[in-house]
>>> print(open('entry.json').read())   # JSON, C-alpha atoms and all ligand atoms
[["chain", "number", "residue", "atom", "x", "y", "z"],
["L", 134, "MET", "CA", 36.89, 51.90, 120.30],
["L", 135, "LEU", "CA", 36.74, 55.32, 118.70],
["L", 136, "VAL", "CA", 39.06, 57.85, 120.33],
["L", 137, "SER", "CA", 40.34, 61.32, 119.49],
["L", 138, "GLY", "CA", 43.56, 61.65, 117.54],
["L", 139, "ASN", "CA", 45.02, 63.77, 120.31],
["L", 140, "LYS", "CA", 44.52, 61.04, 122.88],
["L", 141, "LEU", "CA", 46.58, 58.63, 120.77],
["L", 142, "LEU", "CA", 49.28, 61.16, 120.01],
["L", 143, "GLN", "CA", 49.76, 62.54, 123.52],
["L", 144, "LYS", "CA", 50.21, 59.00, 124.83],
["L", 145, "ALA", "CA", 52.62, 58.20, 122.02],
["L", 146, "LYS", "CA", 54.64, 61.37, 122.69],
["L", 147, "LYS", "CA", 55.01, 60.43, 126.36],
["L", 148, "GLY", "CA", 55.80, 56.82, 125.50],
["L", 149, "GLY", "CA", 58.37, 57.60, 122.78],
["L", 150, "TYR", "CA", 56.65, 55.68, 120.00],
["L", 151, "ALA", "CA", 54.52, 56.60, 116.98],
["L", 152, "VAL", "CA", 51.06, 55.59, 115.82],
["L", 153, "GLY", "CA", 50.60, 54.31, 112.28],
["L", 154, "ALA", "CA", 48.08, 56.17, 110.11],
["L", 155, "PHE", "CA", 46.82, 54.04, 107.27],
["L", 156, "ASN", "CA", 44.66, 55.21, 104.38],
["L", 157, "THR", "CA", 41.56, 53.28, 103.47],
["L", 158, "ASN", "CA", 39.48, 53.35, 100.31],
["L", 159, "ASN", "CA", 37.37, 50.21, 100.63],
["L", 160, "LEU", "CA", 36.23, 47.31, 102.78],
["L", 161, "GLU", "CA", 39.28, 45.12, 102.23],
["L", 162, "ILE", "CA", 41.80, 47.82, 103.17],
["L", 163, "THR", "CA", 39.76, 48.73, 106.25],
["L", 164, "LYS", "CA", 39.60, 45.10, 107.34],
["L", 165, "ALA", "CA", 43.35, 44.68, 106.90],
["L", 166, "ILE", "CA", 44.22, 47.79, 108.94],
["L", 167, "ILE", "CA", 41.81, 46.89, 111.74],
["L", 168, "ALA", "CA", 42.99, 43.28, 111.84],
["L", 169, "ALA", "CA", 46.62, 44.42, 112.14],
["L", 170, "ALA", "CA", 45.79, 46.80, 114.99],
["L", 171, "VAL", "CA", 43.85, 44.10, 116.86],
["L", 172, "GLU", "CA", 46.52, 41.46, 116.34],
["L", 173, "MET", "CA", 49.28, 43.83, 117.51],
["L", 174, "ASP", "CA", 47.15, 45.27, 120.34],
["L", 175, "SER", "CA", 48.04, 48.66, 118.88],
["L", 176, "PRO", "CA", 46.36, 52.04, 118.52],
["L", 177, "VAL", "CA", 45.86, 53.13, 114.94],
["L", 178, "PHE", "CA", 44.63, 55.96, 112.73],
["L", 179, "LEU", "CA", 42.17, 54.88, 110.06],
["L", 180, "GLN", "CA", 42.26, 57.75, 107.60],
["L", 181, "LEU", "CA", 40.28, 58.82, 104.56],
["L", 182, "SER", "CA", 41.44, 61.42, 102.07],
["L", 183, "SER", "CA", 39.00, 63.69, 100.23],
["L", 184, "GLY", "CA", 39.68, 61.43, 97.24],
["L", 185, "ALA", "CA", 38.58, 58.44, 99.30],
["L", 186, "LEU", "CA", 35.40, 60.29, 100.27],
["L", 187, "LYS", "CA", 34.76, 61.17, 96.61],
["L", 188, "TYR", "CA", 35.22, 57.52, 95.72],
["L", 189, "GLY", "CA", 33.32, 55.88, 98.56],
["L", 190, "GLY", "CA", 31.09, 58.67, 99.84],
["L", 191, "PHE", "CA", 30.39, 59.15, 103.52],
["L", 192, "GLU", "CA", 29.16, 55.53, 103.46],
["L", 193, "LEU", "CA", 32.85, 54.57, 103.36],
["L", 194, "ALA", "CA", 33.48, 56.77, 106.40],
["L", 195, "GLY", "CA", 30.46, 55.18, 108.09],
["L", 196, "MET", "CA", 32.05, 51.79, 107.61],
["L", 197, "ALA", "CA", 35.36, 53.01, 109.07],
["L", 198, "LEU", "CA", 33.52, 54.40, 112.11],
["L", 199, "ALA", "CA", 31.58, 51.16, 112.56],
["L", 200, "PHE", "CA", 34.81, 49.12, 112.60],
["L", 201, "ALA", "CA", 36.48, 51.62, 114.94],
["L", 202, "LYS", "CA", 33.62, 51.44, 117.44],
["L", 203, "LYS", "CA", 33.46, 47.66, 117.36],
["L", 204, "VAL", "CA", 37.06, 46.72, 118.12],
["L", 205, "PRO", "CA", 38.79, 46.69, 121.54],
["L", 206, "VAL", "CA", 41.82, 48.72, 120.41],
["L", 207, "PRO", "CA", 41.75, 52.56, 120.19],
["L", 208, "VAL", "CA", 41.13, 53.84, 116.67],
["L", 209, "ALA", "CA", 41.01, 57.47, 115.48],
["L", 210, "VAL", "CA", 38.97, 57.95, 112.32],
["L", 211, "HIS", "CA", 40.74, 60.81, 110.57],
["L", 212, "LEU", "CA", 40.30, 63.07, 107.54],
["L", 213, "ASP", "CA", 43.61, 63.06, 105.64],
["L", 214, "HIS", "CA", 44.64, 66.26, 103.80],
["L", 215, "GLY", "CA", 41.35, 68.07, 104.34],
["L", 216, "PRO", "CA", 41.29, 70.66, 101.55],
["L", 217, "SER", "CA", 38.64, 73.03, 102.95],
["L", 218, "PHE", "CA", 36.87, 74.22, 106.08],
["L", 219, "GLU", "CA", 33.60, 72.88, 104.65],
["L", 220, "LEU", "CA", 34.83, 69.30, 104.25],
["L", 221, "ALA", "CA", 36.49, 69.38, 107.69],
["L", 222, "ARG", "CA", 33.21, 70.59, 109.21],
["L", 223, "GLU", "CA", 31.25, 67.84, 107.45],
["L", 224, "CYS", "CA", 33.63, 65.22, 108.79],
["L", 225, "ILE", "CA", 33.42, 66.65, 112.31],
["L", 226, "SER", "CA", 29.61, 66.52, 112.18],
["L", 227, "PHE", "CA", 29.68, 63.03, 110.75],
["L", 228, "GLY", "CA", 31.62, 61.69, 113.73],
["L", 229, "PHE", "CA", 35.30, 61.67, 112.71],
["L", 230, "SER", "CA", 37.47, 61.89, 115.81],
["L", 231, "SER", "CA", 40.32, 63.71, 114.07],
["L", 232, "VAL", "CA", 40.73, 65.91, 111.00],
["L", 233, "MET", "CA", 43.64, 67.30, 109.06],
["L", 234, "ILE", "CA", 43.31, 70.71, 107.48],
["L", 235, "ASP", "CA", 45.93, 71.06, 104.78],
["L", 236, "GLY", "CA", 46.64, 74.73, 104.23],
["L", 237, "SER", "CA", 50.24, 74.00, 103.25],
["L", 238, "ALA", "CA", 49.85, 75.53, 99.78],
["L", 239, "LEU", "CA", 48.62, 78.81, 101.26],
["L", 240, "PRO", "CA", 50.74, 81.73, 102.44],
["L", 241, "PHE", "CA", 51.62, 81.46, 106.16],
["L", 242, "ARG", "CA", 48.95, 83.87, 107.46],
["L", 243, "GLN", "CA", 46.16, 82.27, 105.43],
["L", 244, "ASN", "CA", 47.24, 78.80, 106.56],
["L", 245, "VAL", "CA", 47.07, 80.04, 110.17],
["L", 246, "SER", "CA", 43.59, 81.53, 109.81],
["L", 247, "LEU", "CA", 42.14, 78.51, 107.99],
["L", 248, "THR", "CA", 43.62, 76.17, 110.61],
["L", 249, "LYS", "CA", 42.32, 78.32, 113.49],
["L", 250, "LYS", "CA", 38.83, 78.22, 112.04],
["L", 251, "VAL", "CA", 38.91, 74.41, 111.82],
["L", 252, "VAL", "CA", 40.40, 74.13, 115.32],
["L", 253, "ALA", "CA", 37.53, 76.19, 116.77],
["L", 254, "ALA", "CA", 34.89, 74.01, 115.10],
["L", 255, "ALA", "CA", 36.68, 70.74, 115.92],
["L", 256, "HIS", "CA", 37.50, 71.44, 119.55],
["L", 257, "ARG", "CA", 33.87, 72.27, 120.29],
["L", 258, "LYS", "CA", 33.17, 68.58, 119.50],
["L", 259, "GLY", "CA", 36.29, 67.09, 121.08],
["L", 260, "VAL", "CA", 37.82, 66.42, 117.65],
["L", 261, "SER", "CA", 41.58, 66.84, 117.14],
["L", 262, "VAL", "CA", 43.21, 68.83, 114.35],
["L", 263, "GLU", "CA", 46.38, 68.14, 112.39],
["L", 264, "ALA", "CA", 47.79, 71.00, 110.31],
["L", 265, "GLU", "CA", 50.63, 71.14, 107.81],
["L", 266, "LEU", "CA", 53.42, 73.65, 107.32],
["L", 267, "GLY", "CA", 55.86, 73.19, 104.44],
["L", 268, "GLN", "CA", 55.05, 71.24, 101.31],
["L", 269, "LEU", "CA", 55.80, 67.74, 100.16],
["L", 270, "LYS", "CA", 56.65, 67.35, 96.50],
["L", 271, "GLY", "CA", 53.92, 65.72, 94.41],
["L", 272, "ARG", "CA", 50.19, 65.48, 94.62],
["L", 273, "GLU", "CA", 48.22, 65.71, 97.84],
["L", 274, "ASP", "CA", 44.72, 65.20, 96.50],
["L", 275, "ASP", "CA", 43.80, 68.49, 94.82],
["L", 276, "VAL", "CA", 47.03, 70.23, 95.83],
["L", 277, "PHE", "CA", 50.09, 69.83, 93.61],
["L", 278, "ALA", "CA", 53.58, 71.01, 94.55],
["L", 279, "ALA", "CA", 56.36, 70.71, 91.98],
["L", 280, "ARG", "CA", 59.10, 71.12, 94.62],
["L", 281, "HIS", "CA", 59.59, 70.40, 98.28],
["L", 282, "SER", "CA", 59.44, 73.41, 100.53],
["L", 283, "TYR", "CA", 60.88, 72.19, 103.80],
["L", 284, "THR", "CA", 59.39, 73.25, 107.13],
["L", 285, "ASP", "CA", 61.28, 76.03, 108.87],
["L", 286, "PRO", "CA", 61.63, 75.34, 112.63],
["L", 287, "ALA", "CA", 61.02, 78.94, 113.78],
["L", 288, "ALA", "CA", 58.03, 79.29, 111.46],
["L", 289, "ALA", "CA", 56.66, 75.99, 112.81],
["L", 290, "ALA", "CA", 56.85, 77.28, 116.39],
["L", 291, "GLU", "CA", 55.10, 80.51, 115.40],
["L", 292, "PHE", "CA", 52.46, 78.57, 113.43],
["L", 293, "VAL", "CA", 51.54, 76.25, 116.32],
["L", 294, "LYS", "CA", 51.40, 79.17, 118.75],
["L", 295, "LEU", "CA", 48.97, 81.06, 116.49],
["L", 296, "ALA", "CA", 46.89, 78.22, 115.03],
["L", 297, "ARG", "CA", 46.66, 76.07, 118.19],
["L", 298, "CYS", "CA", 46.54, 72.82, 116.21],
["L", 299, "ASP", "CA", 46.97, 69.52, 118.07],
["L", 300, "SER", "CA", 49.65, 68.10, 115.78],
["L", 301, "LEU", "CA", 51.78, 69.34, 112.91],
["L", 302, "ALA", "CA", 52.77, 67.63, 109.66],
["L", 303, "VAL", "CA", 56.25, 68.65, 108.54],
["L", 304, "ALA", "CA", 58.06, 68.57, 105.22],
["L", 305, "ILE", "CA", 61.56, 67.14, 105.59],
["L", 306, "GLY", "CA", 62.11, 65.46, 102.24],
["L", 307, "THR", "CA", 59.49, 62.72, 102.07],
["L", 308, "SER", "CA", 56.84, 62.74, 99.33],
["L", 309, "HIS", "CA", 53.67, 60.87, 98.48],
["L", 310, "GLY", "CA", 53.55, 57.88, 96.17],
["L", 311, "ALA", "CA", 56.00, 55.21, 95.05],
["L", 312, "TYR", "CA", 58.78, 57.38, 93.58],
["L", 313, "LYS", "CA", 60.21, 59.32, 96.47],
["L", 314, "PHE", "CA", 63.91, 59.59, 95.67],
["L", 315, "ARG", "CA", 66.01, 59.59, 92.50],
["L", 316, "GLY", "CA", 69.29, 58.97, 94.28],
["L", 317, "LYS", "CA", 70.00, 57.96, 97.86],
["L", 318, "PRO", "CA", 66.86, 57.87, 100.02],
["L", 319, "LEU", "CA", 67.64, 60.53, 102.61],
["L", 320, "ILE", "CA", 65.36, 62.67, 104.72],
["L", 321, "ASP", "CA", 66.43, 65.79, 106.62],
["L", 322, "LEU", "CA", 66.62, 64.42, 110.15],
["L", 323, "GLN", "CA", 68.68, 67.38, 111.38],
["L", 324, "ARG", "CA", 65.86, 69.71, 110.41],
["L", 325, "LEU", "CA", 63.38, 67.37, 112.10],
["L", 326, "SER", "CA", 65.40, 67.54, 115.29],
["L", 327, "ARG", "CA", 65.37, 71.36, 115.17],
["L", 328, "ILE", "CA", 61.61, 71.42, 114.54],
["L", 329, "ALA", "CA", 61.04, 69.03, 117.44],
["L", 330, "GLY", "CA", 63.09, 71.33, 119.68],
["L", 331, "ALA", "CA", 61.01, 74.35, 118.67],
["L", 332, "VAL", "CA", 57.50, 72.90, 118.75],
["L", 333, "ASP", "CA", 55.71, 71.13, 121.59],
["L", 334, "VAL", "CA", 52.88, 69.38, 119.70],
["L", 335, "PRO", "CA", 53.33, 65.85, 118.28],
["L", 336, "LEU", "CA", 54.83, 65.86, 114.77],
["L", 337, "VAL", "CA", 53.44, 63.95, 111.80],
["L", 338, "LEU", "CA", 55.36, 62.39, 108.94],
["L", 339, "HIS", "CA", 53.54, 62.09, 105.62],
["L", 340, "GLY", "CA", 54.80, 60.30, 102.54],
["L", 341, "ALA", "CA", 56.42, 57.70, 104.77],
["L", 342, "SER", "CA", 55.86, 54.47, 102.85],
["L", 343, "SER", "CA", 58.96, 52.34, 102.61],
["L", 344, "VAL", "CA", 58.06, 50.95, 99.17],
["L", 345, "HIS", "CA", 59.23, 47.45, 100.14],
["L", 346, "GLN", "CA", 61.18, 46.06, 97.20],
["L", 347, "SER", "CA", 59.66, 42.61, 97.81],
["L", 348, "LEU", "CA", 56.23, 44.09, 97.01],
["L", 349, "VAL", "CA", 57.53, 45.90, 93.93],
["L", 350, "ALA", "CA", 59.12, 42.64, 92.74],
["L", 351, "ALA", "CA", 55.97, 40.61, 93.46],
["L", 352, "ALA", "CA", 53.77, 43.06, 91.56],
["L", 353, "SER", "CA", 56.27, 43.29, 88.69],
["L", 354, "ARG", "CA", 56.38, 39.50, 88.40],
["L", 355, "TYR", "CA", 52.71, 39.61, 87.43],
["L", 356, "GLY", "CA", 52.95, 42.49, 84.98],
["L", 357, "ALA", "CA", 53.04, 45.72, 87.03],
["L", 358, "LYS", "CA", 55.26, 48.47, 85.59],
["L", 359, "ILE", "CA", 56.65, 50.25, 88.64],
["L", 360, "SER", "CA", 60.40, 50.21, 88.18],
["L", 361, "ASN", "CA", 62.55, 52.80, 90.03],
["L", 362, "ALA", "CA", 60.02, 52.90, 92.88],
["L", 363, "LYS", "CA", 61.81, 53.93, 96.07],
["L", 364, "GLY", "CA", 60.58, 54.70, 99.60],
["L", 365, "VAL", "CA", 61.78, 55.83, 103.01],
["L", 366, "PRO", "CA", 64.02, 53.19, 104.63],
["L", 367, "GLU", "CA", 62.64, 51.81, 107.89],
["L", 368, "SER", "CA", 65.88, 52.77, 109.67],
["L", 369, "GLN", "CA", 65.10, 56.45, 108.90],
["L", 370, "ILE", "CA", 61.50, 56.09, 110.05],
["L", 371, "LYS", "CA", 62.80, 54.73, 113.37],
["L", 372, "ARG", "CA", 65.17, 57.68, 113.74],
["L", 373, "ALA", "CA", 62.34, 60.11, 112.94],
["L", 374, "VAL", "CA", 60.24, 58.53, 115.70],
["L", 375, "LYS", "CA", 63.14, 58.87, 118.17],
["L", 376, "LEU", "CA", 63.33, 62.57, 117.25],
["L", 377, "GLY", "CA", 59.65, 63.27, 118.01],
["L", 378, "VAL", "CA", 57.45, 62.06, 115.16],
["L", 379, "CYS", "CA", 54.30, 60.56, 116.73],
["L", 380, "LYS", "CA", 52.11, 59.82, 113.66],
["L", 381, "VAL", "CA", 53.42, 58.18, 110.51],
["L", 382, "ASN", "CA", 51.29, 57.99, 107.36],
["L", 383, "GLU", "CA", 51.40, 54.95, 105.08],
["L", 384, "ASP", "CA", 49.24, 54.43, 102.02],
["L", 385, "THR", "CA", 51.44, 53.50, 99.07],
["L", 386, "ASP", "CA", 52.76, 50.32, 100.74],
["L", 387, "LEU", "CA", 49.17, 49.09, 101.20],
["L", 388, "ARG", "CA", 48.43, 49.90, 97.56],
["L", 389, "LEU", "CA", 51.50, 47.97, 96.42],
["L", 390, "ALA", "CA", 50.55, 44.97, 98.56],
["L", 391, "PHE", "CA", 47.01, 45.10, 97.18],
["L", 392, "THR", "CA", 48.22, 45.31, 93.58],
["L", 393, "ALA", "CA", 50.73, 42.48, 93.96],
["L", 394, "ALA", "CA", 48.22, 40.15, 95.64],
["L", 395, "VAL", "CA", 45.37, 40.77, 93.21],
["L", 396, "ARG", "CA", 47.64, 40.41, 90.17],
["L", 397, "LYS", "CA", 48.99, 37.12, 91.54],
["L", 398, "PHE", "CA", 45.53, 35.81, 92.38],
["L", 399, "LEU", "CA", 44.15, 36.59, 88.93],
["L", 400, "HIS", "CA", 47.19, 35.07, 87.27],
["L", 401, "GLU", "CA", 46.87, 31.87, 89.29],
["L", 402, "ASN", "CA", 43.07, 31.74, 89.09],
["L", 403, "PRO", "CA", 42.14, 32.76, 85.55],
["L", 404, "SER", "CA", 38.63, 31.40, 85.94],
["L", 405, "ALA", "CA", 37.86, 33.41, 89.10],
["L", 406, "TYR", "CA", 35.19, 36.08, 88.83],
["L", 407, "ASP", "CA", 33.89, 36.46, 92.38],
["L", 408, "PRO", "CA", 34.98, 39.92, 93.65],
["L", 409, "ARG", "CA", 35.10, 38.56, 97.20],
["L", 410, "GLU", "CA", 37.75, 36.04, 96.17],
["L", 411, "ILE", "CA", 39.69, 38.50, 94.03],
["L", 412, "LEU", "CA", 39.75, 41.46, 96.43],
["L", 413, "GLY", "CA", 39.73, 39.28, 99.54],
["L", 414, "SER", "CA", 42.98, 37.69, 98.38],
["L", 415, "ALA", "CA", 44.76, 40.97, 99.19],
["L", 416, "ILE", "CA", 43.66, 41.40, 102.81],
["L", 417, "GLU", "CA", 46.38, 39.26, 104.37],
["L", 418, "ALA", "CA", 49.18, 40.94, 102.42],
["L", 419, "MET", "CA", 47.95, 44.41, 103.44],
["L", 420, "GLU", "CA", 47.59, 43.27, 107.04],
["L", 421, "GLU", "CA", 51.23, 42.13, 106.96],
["L", 422, "VAL", "CA", 52.30, 45.56, 105.73],
["L", 423, "ALA", "CA", 50.45, 47.27, 108.58],
["L", 424, "ILE", "CA", 51.83, 44.82, 111.16],
["L", 425, "ARG", "CA", 55.37, 45.42, 109.92],
["L", 426, "ARG", "CA", 54.85, 49.19, 110.23],
["L", 427, "ILE", "CA", 53.34, 48.93, 113.72],
["L", 428, "LYS", "CA", 56.47, 47.02, 114.84],
["L", 429, "VAL", "CA", 58.78, 49.65, 113.30],
["L", 430, "LEU", "CA", 56.89, 52.44, 115.08],
["L", 431, "GLY", "CA", 56.94, 50.68, 118.44],
["L", 432, "SER", "CA", 53.17, 50.87, 119.06],
["L", 433, "GLU", "CA", 52.74, 47.13, 119.51],
["L", 434, "GLY", "CA", 51.02, 46.40, 122.86],
["L", 435, "LYS", "CA", 50.22, 50.10, 123.42],
["L", 436, "ALA", "CA", 46.44, 49.83, 122.94],
["O", 1, "LIG", "O1", 48.10, 61.91, 100.72],
["O", 1, "LIG", "C1", 48.06, 60.96, 99.99],
["O", 1, "LIG", "C2", 47.33, 59.72, 100.33],
["O", 1, "LIG", "O2", 48.07, 58.64, 99.85],
["O", 1, "LIG", "C3", 45.93, 59.73, 99.80],
["O", 1, "LIG", "O3", 45.95, 59.53, 98.44],
["O", 1, "LIG", "O4", 44.51, 61.36, 97.56],
["O", 1, "LIG", "O5", 44.97, 59.30, 96.22],
["O", 1, "LIG", "O6", 43.48, 59.20, 98.23],
["O", 1, "LIG", "P1", 44.64, 59.88, 97.55],
["O", 2, "LIG", "P1", 52.72, 57.40, 101.14],
["O", 2, "LIG", "O1", 52.37, 57.74, 99.73],
["O", 2, "LIG", "O2", 54.22, 57.44, 101.34],
["O", 2, "LIG", "O3", 52.16, 56.12, 101.59],
["O", 2, "LIG", "O4", 52.15, 58.56, 102.09],
["O", 2, "LIG", "C1", 50.80, 58.53, 102.48],
["O", 2, "LIG", "C2", 50.39, 59.80, 103.14],
["O", 2, "LIG", "O5", 51.17, 60.62, 103.54],
["O", 2, "LIG", "C3", 48.94, 60.00, 103.31],
["O", 2, "LIG", "O6", 48.65, 61.27, 103.82],
["O", 3, "ZN", "ZN", 49.95, 62.80, 103.22]]
>>> encode(input="entry.json", output="structure tokens")
Amino acid sequence: MLVSGNKLLQKAKKGGYAVGAFNTNNLEITKAIIAAAVEMDSPVFLQLSSGALKYGGFELAGMALAFAKKVPVPVAVHLDHGPSFELARECISFGFSSVMIDGSALPFRQNVSLTKKVVAAAHRKGVSVEAELGQLKGREDDVFAARHSYTDPAAAAEFVKLARCDSLAVAIGTSHGAYKFRGKPLIDLQRLSRIAGAVDVPLVLHGASSVHQSLVAAASRYGAKISNAKGVPESQIKRAVKLGVCKVNEDTDLRLAFTAAVRKFLHENPSAYDPREILGSAIEAMEEVAIRRIKVLGSEGKA
């Protein structure tokens, strides 16, 4: 069933667990995420970035909404890293139950006013709003940050008070993609704990893929060139959840599972040319990734 993001996150905050937010770009990824949520009896965020909407159009969002409405578990269909008021408004009108407005590259005051504008439009329709303060290194769709700029706890408290967002994404050392750390994979959990003490809305962790080395090895076996890929260890994700993170974003791990499975399938079936066989071969592997994450976050059985 389709539910607001806030409904999922308030329940998670009370229950001391987090909800997985998985990015989709096509039918197979959507099916895998939904199947994992149903099998685990877990709530889930099914999220589309502006890049996903450029790729698949609002038809892709329509498919996500159709799946969300059909299944017995609660699903929030969410805009990930919304780059503008206009796109957020389009998603709200289209029926998304949650949107992120990413003003993290803007100066503080401009981030507040953009977020406030989206909050006003969203709340009129019962749609929840995630905002971001602080920047993750790397590319977030059209926004590129060369360095991390970690979230300041006092600024986060001030931001939430002014912008009235429903949840807040924080920068504590994670980043998007498969190459998150050069050295030891460490995130700033002390800072997270201070942010959680200063802010009362549920916190969101982006760039949280674990980059499972088994997936990197499986993809590499069939020709992928992704050496030095490193993600956030699951032990640190668990600690982040204990400290107050209620939504955890995962995209890269699904992409790695997809790549590994399709490469293997094509290698083992050189005469295959049916896209349903080729792409369909990746669904189970992506479902396993989502199931593993749901278990780490503790949302199993919380539908
Ligand atoms: O924020 C990053 C997500 O992985 C979405 O990635 O912008 O390539 O769709 P994308
Ligand atoms: P990963 O690249 O670590 O999967 O992060 C995804 C994300 O944060 C989507 O918003
Ligand atoms: Zn993100």
>>> residues_near_point(input="entry.json", point="(58.7, 52.6, 98.5)", cutoff="6 Å", atoms="only C-alpha atoms", output="list of chain:residue names")
L:Ala311, L:Ser342, L:Ser343, L:Val344, L:His345, L:Ala362, L:Lys363, L:Gly364
>>> atom_distance(input="entry.json", atom1="atom CA of Tyr150 of chain L", atom2="atom CA of His256 of chain L")
24.8 Å
>>> residues_around(input="entry.json", residues="Ile162 of chain L", least_positions_apart="2", cutoff="12 Å", atoms="all atoms listed in the file", output="number ranges by chain")
L: 155-160, 164-169, 179-181, 185, 193, 196-197, 200, 384-392, 412-423
>>> closest_residue(input="entry.json", among="L:Ala393, L:Ala331, L:Ala341, L:Val177", to="Ala373 of chain L", atoms="only C-alpha atoms")
L:Ala341
>>> atom_distance(input="entry.json", atom1="atom CA of His214 of chain L", atom2="atom CA of Gly189 of chain L")
16.2 Å
>>> closest_residue(input="entry.json", among="L:Arg425, L:His400, L:His339, L:Lys435", to="ligand LIG 1 (chain O)", atoms="only C-alpha atoms and all ligand atoms")
L:His339
>>> residues_near_ligand(input="entry.json", ligand="ligand ZN 3 (chain O)", cutoff="8 Å", atoms="only C-alpha atoms and all ligand atoms", output="MDAnalysis selection string")
chainID L and resid 213:214 273 308:309 338:340 382
>>> axis_aligned_box(input="entry.json", around="ligand LIG 1 (chain O)", padding_each_side="3 Å", output="JSON")
{"center_x": 45.8, "center_y": 60.3, "center_z": 98.5, "size_x": 10.6, "size_y": 9.3, "size_z": 10.5}
>>> closest_residue(input="entry.json", among="L:Ile225, L:Leu141, L:Val252, L:Leu269", to="ligand LIG 1 (chain O)", atoms="all atoms listed in the file")
L:Leu269
>>> closest_residue(input="entry.json", among="L:Lys313, L:Pro335, L:Ser326, L:Leu247", to="Leu295 of chain L", atoms="all atoms listed in the file")
L:Leu247
>>> residues_around(input="entry.json", residues="Gly215 of chain L", least_positions_apart="5", cutoff="6 Å", atoms="only C-alpha atoms", output="list in words")
Met233, Ile234 and Asp235 of chain L
>>> atom_distance(input="entry.json", atom1="atom CA of Ile424 of chain L", atom2="atom CA of Ile305 of chain L")
25.0 Å
>>> residues_around(input="entry.json", residues="segment 134-138 of chain L", least_positions_apart="6", cutoff="6 Å", atoms="all atoms listed in the file", output="PyMOL selection string")
chain L and resi 201-202+204-209+230-231+260-261
>>> residues_around(input="entry.json", residues="Pro286 of chain L", least_positions_apart="4", cutoff="10 Å", atoms="all atoms listed in the file", output="compact mmCIF listing (two decimals) with C-alpha atoms, in the coordinates of the input")
# COMPACT_ATOMS: atom_id res chain seq x y z
CA LEU L 266 53.42 73.65 107.32
CA ALA L 290 56.85 77.28 116.39
CA GLU L 291 55.10 80.51 115.40
CA PHE L 292 52.46 78.57 113.43
CA VAL L 303 56.25 68.65 108.54
CA ARG L 324 65.86 69.71 110.41
CA LEU L 325 63.38 67.37 112.10
CA SER L 326 65.40 67.54 115.29
CA ARG L 327 65.37 71.36 115.17
CA ILE L 328 61.61 71.42 114.54
CA ALA L 329 61.04 69.03 117.44
CA GLY L 330 63.09 71.33 119.68
CA ALA L 331 61.01 74.35 118.67
CA VAL L 332 57.50 72.90 118.75
>>> closest_residue(input="entry.json", among="L:Ile370, L:Ala254, L:Met173, L:Ala351", to="ligand LIG 2 (chain O)", atoms="only C-alpha atoms and all ligand atoms")
L:Ile370
>>> residues_around(input="entry.json", residues="Gly267 of chain L", least_positions_apart="3", cutoff="6 Å", atoms="only C-alpha atoms", output="JSON, numbers by chain")
{"L": [237, 282, 283, 284, 304]}
>>> closest_residue(input="entry.json", among="L:Val374, L:Leu399, L:Leu322, L:Val334", to="Leu142 of chain L", atoms="all atoms listed in the file")
L:Val334
>>> residues_near_point(input="entry.json", point="(36.3, 63.8, 105.8)", cutoff="7 Å", atoms="only C-alpha atoms", output="PyMOL selection string")
chain L and resi 181-183+186+212+215+220-221+223-224
